[in-house]
Structures are given as structure tokens and as C-alpha cells.
2 protein chains.
Amino acid sequence: MAVCPSSRFSPAISASPRRSDSTPSALLLRRHGIHAVSLRSFSGDRLRVKQRGMGPGSSGDMLGICCASSSPVVEKAPEEAGWKLPTIVDVDLGDRSYPIYIGCGLLNEPDLLQRHVHGKRVLVVTNTTVAPLYLDKVVKALTDGNPNVSVESVILPDGEQYKEMTTLMKVFDKAIESRLDRRCTFVALGGGVIGDMCGFAAASFLRGVNFIQIPTTLMAQVDSSVGGKTGINHPLGKNLIGAFYQPQCVLIDTDTLNTLPDRELASGIAEVIKYGLIRDAEFFEWQEKNMQALLARDPSALAYAIKRSCENKAEVVSLDEKEGGVRATLNLGHTFGHAIENGLGYGEWLHGEAVAAGTAMAVDMSRRLGWIDDSIVERVLSILQEARLPTTSPDAMTVEKFKAVMAVDKKVADGLLRLILLKGPLGNCVFTGDYDRNALDETLHAFCKC
Amino acid sequence: MAVCPSSRFSPAISASPRRSDSTPSALLLRRHGIHAVSLRSFSGDRLRVKQRGMGPGSSGDMLGICCASSSPVVEKAPEEAGWKLPTIVDVDLGDRSYPIYIGCGLLNEPDLLQRHVHGKRVLVVTNTTVAPLYLDKVVKALTDGNPNVSVESVILPDGEQYKEMTTLMKVFDKAIESRLDRRCTFVALGGGVIGDMCGFAAASFLRGVNFIQIPTTLMAQVDSSVGGKTGINHPLGKNLIGAFYQPQCVLIDTDTLNTLPDRELASGIAEVIKYGLIRDAEFFEWQEKNMQALLARDPSALAYAIKRSCENKAEVVSLDEKEGGVRATLNLGHTFGHAIENGLGYGEWLHGEAVAAGTAMAVDMSRRLGWIDDSIVERVLSILQEARLPTTSPDAMTVEKFKAVMAVDKKVADGLLRLILLKGPLGNCVFTGDYDRNALDETLHAFCKC
């Protein structure tokens, strides 16, 4: 079992202005005696994340990660109850705002989940791998002390190759056979595939019902469960059918990482590395120092990486919910990566593995354009390799395969493929269609045998 | 060929306050020299529609349906160009607002359509019945004088039984094979089935692209093309999978009604009658006097019925886009009607035929509850019969069939079925789950043989 994280990895707090906590989720939490504090500072045009923690400099306005006042909900003091209060990261989207709870043992806390359930009926969507591990626990968390709620579940086959329409229809079948109505709640229990499919099902069932994300892989915890992108794949491309649809909350119980295979863990780390590269150099440097701790599943290191990843993602999503601009930068390496996933057949490589190779390709192309120093290329390849992630394209991929899939990428606009590329010092990127096509060709040829 | 309608059916204008015309669509139209005026008055808590027309009392602030100033887009004067300026009804939904254009010959006006096309790529979604009649015309309207735009089309089989996932996938297949990107526009050319499917495809393709509605049936023109409800059926129920997704505009060329079969015309009239019953007694009385003109396809009568129906629908949708309350009243007769469509098999009865029988059932139940006078029941049955619409349930429907389908209706909340029922004087209704269950049982038994 993991030990709950200490504050070892939380740098001292900075004296940035306190973020407004008048969002619906913050108000709700305050009613329950839980306070979330986001500390941010602005540096030029760019919104930067500052770390949050219980440092010696904390004051009344800078409470650190979170703190509890006397609460009618949590009857025992948290320490006595055997769990820590969660870290909370808010996704600020007006009336679609919601909290991300991060902590160990959160699935043992019925109240946290139950306060976000709408109606009396719940459908848990999960898969054959996760169900034996956590389904009973989630059903217990949903129903403990709450006899009015009834829970149904649908268990889908596990794997990216099942993120498609036929499998999605099983969710609708179950919801309709169970006679769920508009006041029900869908719960996504699993990795990114389950979150994306359950979210799209929730967006489309009766034209939209509430849903909750309980991500159980590092990939889903640091990326796909946050921000409301939902959908399924089409035989010709990834995530081509879907919706922007926000959950009621994201509940990340870091204990679920105890059962995650090593390869899946590394896959999630690929997205963690991404945040450092596109907007948070300090976080990248932290990762360079702490990669071994992450791979060894040091709970404290993992919790910190998840929190800081969610903070980065939450800020980007708050600025650009529907990917009109800056949100696209979260797709560093993904255009090449999606082509690899599609070209190999979904499920051959894990998503993060394809993103890692795609990141290596994006970095290679950035260097060919003269936009970054060689030292950045070396640091990126080095950290990906240390994380045991691929930095080359699979043998089966050809230049033609890359081009065919990339032509239907969602970032094509009026026929022009836009890419996320690094430019300038570490932690800076651009989303642009204005680049030398030769550099793209050179990168594709450098990474493919034919 | 139809003759463009005169104002014979437009009652004199009332001196209600002018509606704000600062919506994006209104601003856009003003740039093109077209002014839309909506005149409304409030009566108690209830928003009422007032008729719009070029009456003798028109002043600068009360311009009637629409008028044109000198325009850089319309080069010839409208009369010379051989077409009338359209009537415009605005659907006021903040940044999702859009205009409904109503008029004869509008498909001969490339500008009207082209100003709402985003990007350079268009996908027209239509069916095997409508394509031979209007597809060429629409492609011409999209491309005339606009060589940068390329148009693809997908022709689906015609009928409610094809409003399902397998057929929907053909739209995605075509869009992806054609390498359409986020800056494309989908155009729905057809009746309600095409509009609902194309709208849901637009909502879901790449998580949402622009779309335009060109309804060619009376049913779609007076109801389903307006308001953003999109979706498909599930074997267990109608419209159970979908999205709220608004179009860029709705373009109603009343000339398309010239090719509509009589049975389809009557089906649309069922929804026209609905508006009178739920919120517009004056319109109902107009229908009682003009039903023969509608059935004889008097263009002026049809244009007036469409305009007033769209005004009613636009107001309700503006008040309650996502059917949290008042919008549900637009479903008078639909819960019973959906059960009939599902019980018989989609496509056996037309939607409006099922709604007509469902309306007769809702009215019967309202009378049993003592909520309306017998005289209203008689008037409803009389007008439905005059419109050659059914007022009894089909023989194949049993009480059990009704109950099974109604249990999965979208208006069930926490297990309680809410219905739209008439209550009080003509033109008033309620949406409620607070009714005597015996009245529902009595109605079902009265309309079923077993």
C-alpha cells in the first residue's frame, strides 16, 4: 500500500495573489468546511502556475494545499478518520466549473463522491480490468449511508481498440434498459478510454446527463479526465467523434496507481513531461531531478506530479475550453502520436508511448526549423529515455502512413495542418501552420525507414 | 408553382415594445441592409407572441416583418430580382443566436445561404427523396459566385427507421473520407429526420462544427429545424441519443412544400395546431378559420402558419434552451405519440400523425382530470379531423406497450413521468408529474382495445 504523500516535493509557497474562490465548486466546498486555495502569478502575457503547499510562509490568505475547519460532514478529525483531506484544483469555467480532488484513500470517503451525484440513479462505466479491482469500492462509496441511491454498472472490454461506436452503444443500451432518466449520474471508473467514452455517452444520453470522472491510470489522472474532451475513435482517425462536455468533479485516488502496470505508468509520465515542455520549465526541471522517484512510485512524488499537471491543464482549459487557441498546445507530440496509434492499429502502443515518440518528432522538427537549441533536444530525449518511453517511430510507420492520418487531424484548418512545436527557451511552444514544409518532410523521413 | 404570399393573413400590428436587435445575427443582417423586428408584449408571467406584419399602423419603430435599405449584397431591387425579401424570426440565445429566414424562392438566393457558411468546405446531408428535387439547387446556391467553396454530399435512405446509429455513421464516414476539418459547414437538406441526424453529426464531428438547416417538410419548417434539438432513436425509444446544438441559420424556402405529399403536409399541421393549444389561442382560432386554405396549400396561409409557429418556438427556446421547464410544453401529445411511433415501429405512422393521436389522448386525460371544458376537447378533435389527422390510437397499441415506452421517456425524472396537459382556457397548459394516475390509466384504456 502507498503511504500518503508528505510535502517533501512541494516547494515553498510564493506570495502571489489569492485566486478568487467564488466558483460554485469552491462555495460548495466551503459549505462543507473544505477550503481550496489556488495561488497564481502573471508573468507577462503568460499565466503561470505557482506551487501550492504548506510552507513556513503560509498565512491566513495562503493556506497551502487545503485545510479543514470544523465540518458537519467529516465527523471525525481527518487524522482520526485515517485519511488526508484532498488537494483541490479548480477548473474555472463559469457555470461549468468543477473541482479536481487529489489524494490517497479518497475512494474510502463516500461524502466526497456523493455530494456530486445528481438524482437517485447512477451508472458506473468501467472495464474488465478495473471492475474487479475498484467497482465494489466505488459502489460502496456511492451508497454508504445513502440508501436512496441505486447503482447500475456496465463493464466494457479493456483497450483503445474498443473506443468505438459499437462499444459505446453498450453504455446507451444499459442506461436505457435500466430506465435511467435525465436526473441520473454517469461515473467513469477507469483510464482515458473509459473516461472519454463515458463522458461522450453522458453528453449524448437524453441530450446530456451529469457525470463524474474517477480516473485510475496516471494518464487519465494527469490529462484525459480533466477538461471535458470526450469521444470515440473512427477507423480513419482518433477522437474524431465526440463532444466538449465537462464533468461534475474529478476524483483522483492516488492509491489506484498501486495496481497500475509499469508500462501504463510510463505512458502517463509522457503527458507529465509535456506540461513541462509547453509551459512550465520549472516543473520540467523538477522532473529531471525526480524521475527515478516517479518510476519507483514514490507516493509523494506522484501526488506532486499529478497536482502540478492538473494545475497546468486546468489553467489552459479555463483560458480556452473549446480549443480555439492555447488549448491546442496540450497536444504537443499528439499529431505524430495519433498517426502512430492509428497506423499501428489502436492498442498496439499505449497512448503515452505514441505521444513520447511524437514529442521526439516535434522536438526534432523544432530543431530543424532552428527554433530551439540542441541542448533542449538532448534533455527531452534523455528524460523520455529515462522514463523508459520510446523516442523513435515504430518500424511499421511510413512517411505515407503519417501523412495520410495527419491529413484528417482535428488541427487541420482549411486544408492546412497546424502543429505544436517548441520555440525559444525551455517551457515555450507555438501552435502554428506557419512553418517550412521541408522541415516536416525531413523529420518524417528521419523517423521512418520508408 | 406557388405564388409568394401576400399579407392577407397578417393581422394588424400591435404597439408592443420593439425587441432588442443587438444579437449577432441582427447585427450581421443590418450590415447587409436587412432589418428584423420582433414585437412582443408580456401578459402576466407568460411571454406572448404578437403578430408581425406590414400593417397600416407601422412606424419607424414598427417596421413589420422586414424591410430593406440599400444593400451592397442585394444588387438588384428585390422586386426586379424576382424574389421577396424573407421574413426573419430571430432565435435569441446570446452568442448562439441565429435567424430563421422564411420566404418563397429563397434557395434561388446564394447570398442568403453563403453568408452563414464557415470555411471553404461544405457537406450537404440529404436523403434519396429530397436529393433529386433540391440537391442541385442547394449546391448551386452554395457555390454560385463563390468558387472557393467545395461541396460534398451524403444521401441517406429516407424514413424515420433510418434515424439510428448505423445511418449516422455514414455521415461521419463521408466527412472523414472527404477530410473535412473543424472549419467546415454541414447543411441539413430534408425533413426532421435529416435535420436531427445532420445536427447531431455536426455536434459530434471533431467535437462540433457549424451547420445550417434547410427544412423541406412542413414538420421540419414549423418545429424540428428550430431550437437545436438533434439526435437519433434507440431501438427502445425515440431521440434518446443526441445533443442540444444550434445551427447558424434556418432557411425555409416555402416553395419546397410544392413537392410535399398530402400526408406529410398534414403531419406538419399537427405541430402547428400544438402551438395554438399550448400558448397561442388566437393562432388556434386563426387555424380553425383557415384549415382549408392550409390543406389547399394556399402559399399565403402556409407562410403565415410557418412564421407564427417559428415565432412561438423561438420564444420558448429562448426562454429555456435545454428544456429545464417551459420548453417541455412543446411536447404536447409527444409522450403518447412517441410510444405509438415506437410501438408500431418507426416509420409506420408519420411523426405528426402520432403526435395528433397523442394530442387527442393528452386532451382526453386533461378532461378526465377536470382541467378543461368539454368544448375544448371537441374543438381539438374537430380541427385534427379536419386536418385529416388521426385522433385514435392504432389498433396494435396496447396499454402495456404505452407504459413500457413511456417509462423511458426523457421527461421521466427520478422515476416520475411528467406530462404536458391542457389546463384552463384555450391556449394554456401545464408540464407536471402531479396528476391522478387513474386519469392516465383511464385514458390509456379508452384509447386501447387491450
# chains A, B, ... in the order shown; residues from 1 in each chain; ligands from 1
$ interface_residues --of "chain A" --to "chain B" --cutoff "6 Å" --atoms "only C-alpha atoms" --output "list in words"
Arg179, Asp181, Arg183, Ser204, Phe205, Leu206, Arg207, Leu240, Ile241, Gly242, Ala243, Val408, Val412 and Ala413 of chain A
$ residues_around --residues "Thr167 in chain B" --least-positions-apart "6" --cutoff "10 Å" --atoms "only C-alpha atoms" --output "PDB file with N, CA, C and O atoms, in the first residue's frame"
ATOM      1  N   LEU B 156     -28.757   9.823 -47.631  1.00  0.00           N
ATOM      2  CA  LEU B 156     -29.165   8.740 -46.735  1.00  0.00           C
ATOM      3  C   LEU B 156     -30.496   8.153 -47.201  1.00  0.00           C
ATOM      4  O   LEU B 156     -31.261   8.831 -47.900  1.00  0.00           O
ATOM      5  N   PRO B 157     -30.809   6.939 -46.793  1.00  0.00           N
ATOM      6  CA  PRO B 157     -32.147   6.422 -47.084  1.00  0.00           C
ATOM      7  C   PRO B 157     -33.194   7.262 -46.344  1.00  0.00           C
ATOM      8  O   PRO B 157     -32.902   7.849 -45.302  1.00  0.00           O
ATOM      9  N   GLN B 161     -37.169   5.208 -39.740  1.00  0.00           N
ATOM     10  CA  GLN B 161     -36.492   3.971 -39.324  1.00  0.00           C
ATOM     11  C   GLN B 161     -34.987   4.043 -39.547  1.00  0.00           C
ATOM     12  O   GLN B 161     -34.236   3.222 -39.028  1.00  0.00           O
ATOM     13  N   MET B 197     -30.468  14.250 -37.599  1.00  0.00           N
ATOM     14  CA  MET B 197     -29.244  13.458 -37.760  1.00  0.00           C
ATOM     15  C   MET B 197     -28.072  14.328 -38.161  1.00  0.00           C
ATOM     16  O   MET B 197     -26.967  14.188 -37.636  1.00  0.00           O
ATOM     17  N   ILE B 232     -30.704  10.921 -32.502  1.00  0.00           N
ATOM     18  CA  ILE B 232     -31.172   9.718 -33.193  1.00  0.00           C
ATOM     19  C   ILE B 232     -32.008   8.878 -32.222  1.00  0.00           C
ATOM     20  O   ILE B 232     -31.998   9.110 -31.012  1.00  0.00           O
TER      21      ILE B 232
END
$ closest_residue --among "A:Ser318, A:Ser267, A:Thr143, A:Thr129" --to "Gly159 in chain A" --atoms "only C-alpha atoms"
A:Thr129
$ atom_distance --atom1 "CA of Ile88 in chain B" --atom2 "CA of Ala303 in chain B"
11.8 Å
$ closest_residue --among "A:Leu112, A:Tyr98, A:Pro394, A:Gly103" --to "Glu348 in chain A" --atoms "only C-alpha atoms"
A:Pro394
$ select_by_dssp --residues "range 98-240 of chain A" --states "alpha helix (DSSP H)" --output "number ranges by chain"
A: 110-114, 136-143, 165-177, 192-204, 218-219
$ residues_around --residues "range 307-310 of chain A" --least-positions-apart "4" --cutoff "10 Å" --atoms "only C-alpha atoms" --output "PyMOL selection string"
chain A and resi 10+49-52+65+87-91+100-103+221-223+225-227+252+271-276+280+283+301-303+314-316
$ write_last_selection --atoms "N, CA and C atoms" --output "JSON list (two decimals), in the first residue's frame"
[["chain", "number", "residue", "atom", "x", "y", "z"],
["A", 10, "SER", "N", 6.83, 19.68, -2.33],
["A", 10, "SER", "CA", 6.14, 20.95, -2.55],
["A", 10, "SER", "C", 7.08, 22.10, -2.22],
["A", 49, "VAL", "N", 1.73, 28.82, -13.37],
["A", 49, "VAL", "CA", 1.30, 28.12, -12.17],
["A", 49, "VAL", "C", 2.36, 28.30, -11.09],
["A", 50, "LYS", "N", 1.93, 28.58, -9.89],
["A", 50, "LYS", "CA", 2.85, 28.56, -8.75],
["A", 50, "LYS", "C", 2.47, 27.38, -7.87],
["A", 51, "GLN", "N", 3.43, 26.76, -7.31],
["A", 51, "GLN", "CA", 3.16, 25.58, -6.50],
["A", 51, "GLN", "C", 2.40, 25.96, -5.23],
["A", 52, "ARG", "N", 1.63, 25.01, -4.78],
["A", 52, "ARG", "CA", 0.87, 25.21, -3.57],
["A", 52, "ARG", "C", 1.34, 24.20, -2.52],
["A", 65, "ILE", "N", -2.08, 23.81, 0.49],
["A", 65, "ILE", "CA", -2.86, 22.94, -0.38],
["A", 65, "ILE", "C", -4.34, 23.00, 0.00],
["A", 87, "THR", "N", -6.09, 17.41, -1.86],
["A", 87, "THR", "CA", -5.68, 18.60, -2.59],
["A", 87, "THR", "C", -6.80, 18.91, -3.58],
["A", 88, "ILE", "N", -7.10, 20.19, -3.76],
["A", 88, "ILE", "CA", -8.18, 20.54, -4.70],
["A", 88, "ILE", "C", -7.64, 21.50, -5.75],
["A", 89, "VAL", "N", -7.84, 21.16, -6.99],
["A", 89, "VAL", "CA", -7.53, 22.06, -8.11],
["A", 89, "VAL", "C", -8.85, 22.39, -8.79],
["A", 90, "ASP", "N", -9.14, 23.68, -8.91],
["A", 90, "ASP", "CA", -10.40, 24.08, -9.54],
["A", 90, "ASP", "C", -10.23, 24.27, -11.04],
["A", 91, "VAL", "N", -11.19, 23.77, -11.81],
["A", 91, "VAL", "CA", -11.25, 24.09, -13.24],
["A", 91, "VAL", "C", -12.31, 25.18, -13.37],
["A", 100, "ILE", "N", -11.17, 19.28, -8.98],
["A", 100, "ILE", "CA", -10.42, 18.03, -9.08],
["A", 100, "ILE", "C", -9.93, 17.73, -7.67],
["A", 101, "TYR", "N", -10.30, 16.61, -7.11],
["A", 101, "TYR", "CA", -9.80, 16.19, -5.80],
["A", 101, "TYR", "C", -8.64, 15.23, -6.01],
["A", 102, "ILE", "N", -7.55, 15.46, -5.32],
["A", 102, "ILE", "CA", -6.38, 14.59, -5.45],
["A", 102, "ILE", "C", -5.96, 14.16, -4.05],
["A", 103, "GLY", "N", -5.83, 12.85, -3.84],
["A", 103, "GLY", "CA", -5.37, 12.38, -2.54],
["A", 103, "GLY", "C", -5.39, 10.88, -2.48],
["A", 221, "GLN", "N", -5.33, 10.55, -14.93],
["A", 221, "GLN", "CA", -5.28, 11.47, -13.79],
["A", 221, "GLN", "C", -4.60, 12.79, -14.13],
["A", 222, "VAL", "N", -3.58, 12.73, -14.96],
["A", 222, "VAL", "CA", -2.85, 13.97, -15.26],
["A", 222, "VAL", "C", -3.36, 14.66, -16.51],
["A", 223, "ASP", "N", -4.22, 13.99, -17.26],
["A", 223, "ASP", "CA", -4.59, 14.59, -18.54],
["A", 223, "ASP", "C", -6.05, 14.37, -18.94],
["A", 225, "SER", "N", -8.83, 13.01, -17.96],
["A", 225, "SER", "CA", -10.06, 13.16, -17.16],
["A", 225, "SER", "C", -10.41, 14.62, -16.92],
["A", 226, "VAL", "N", -9.47, 15.51, -17.18],
["A", 226, "VAL", "CA", -9.66, 16.93, -16.89],
["A", 226, "VAL", "C", -9.89, 17.71, -18.18],
["A", 227, "GLY", "N", -10.93, 18.51, -18.23],
["A", 227, "GLY", "CA", -11.06, 19.43, -19.36],
["A", 227, "GLY", "C", -12.21, 19.17, -20.30],
["A", 252, "ILE", "N", -9.49, 11.86, -7.92],
["A", 252, "ILE", "CA", -8.26, 11.11, -8.16],
["A", 252, "ILE", "C", -7.79, 10.48, -6.86],
["A", 271, "GLU", "N", 2.74, 12.45, -20.58],
["A", 271, "GLU", "CA", 1.93, 13.68, -20.53],
["A", 271, "GLU", "C", 2.45, 14.64, -19.46],
["A", 272, "VAL", "N", 2.98, 14.09, -18.38],
["A", 272, "VAL", "CA", 3.56, 14.94, -17.33],
["A", 272, "VAL", "C", 4.72, 15.75, -17.93],
["A", 273, "ILE", "N", 5.56, 15.05, -18.70],
["A", 273, "ILE", "CA", 6.71, 15.71, -19.35],
["A", 273, "ILE", "C", 6.23, 16.82, -20.28],
["A", 274, "LYS", "N", 5.12, 16.54, -20.97],
["A", 274, "LYS", "CA", 4.55, 17.53, -21.89],
["A", 274, "LYS", "C", 4.28, 18.88, -21.22],
["A", 275, "TYR", "N", 3.68, 18.86, -20.02],
["A", 275, "TYR", "CA", 3.37, 20.13, -19.36],
["A", 275, "TYR", "C", 4.63, 20.96, -19.13],
["A", 276, "GLY", "N", 5.71, 20.27, -18.72],
["A", 276, "GLY", "CA", 6.95, 20.99, -18.52],
["A", 276, "GLY", "C", 7.44, 21.64, -19.80],
["A", 280, "ASP", "N", 5.97, 25.03, -18.51],
["A", 280, "ASP", "CA", 6.35, 25.03, -17.10],
["A", 280, "ASP", "C", 7.76, 24.45, -16.95],
["A", 283, "PHE", "N", 8.80, 22.92, -13.67],
["A", 283, "PHE", "CA", 8.25, 21.58, -13.47],
["A", 283, "PHE", "C", 9.09, 20.56, -14.24],
["A", 301, "ALA", "N", 6.06, 11.94, -4.66],
["A", 301, "ALA", "CA", 6.45, 12.46, -5.98],
["A", 301, "ALA", "C", 5.28, 12.36, -6.96],
["A", 302, "LEU", "N", 4.58, 11.21, -6.94],
["A", 302, "LEU", "CA", 3.45, 11.04, -7.84],
["A", 302, "LEU", "C", 2.35, 12.08, -7.56],
["A", 303, "ALA", "N", 2.05, 12.28, -6.27],
["A", 303, "ALA", "CA", 0.98, 13.22, -5.92],
["A", 303, "ALA", "C", 1.34, 14.63, -6.38],
["A", 314, "ALA", "N", -5.77, 22.63, -15.90],
["A", 314, "ALA", "CA", -6.94, 23.42, -15.50],
["A", 314, "ALA", "C", -6.81, 24.86, -15.99],
["A", 315, "GLU", "N", -5.61, 25.41, -15.89],
["A", 315, "GLU", "CA", -5.42, 26.80, -16.34],
["A", 315, "GLU", "C", -5.61, 26.92, -17.85],
["A", 316, "VAL", "N", -5.05, 26.00, -18.58],
["A", 316, "VAL", "CA", -5.17, 26.07, -20.05],
["A", 316, "VAL", "C", -6.63, 25.90, -20.46]]
$ closest_residue --among "B:Ala360, B:Arg437, B:Gly192, B:Gly228" --to "Arg327 in chain B" --atoms "only C-alpha atoms"
B:Gly228
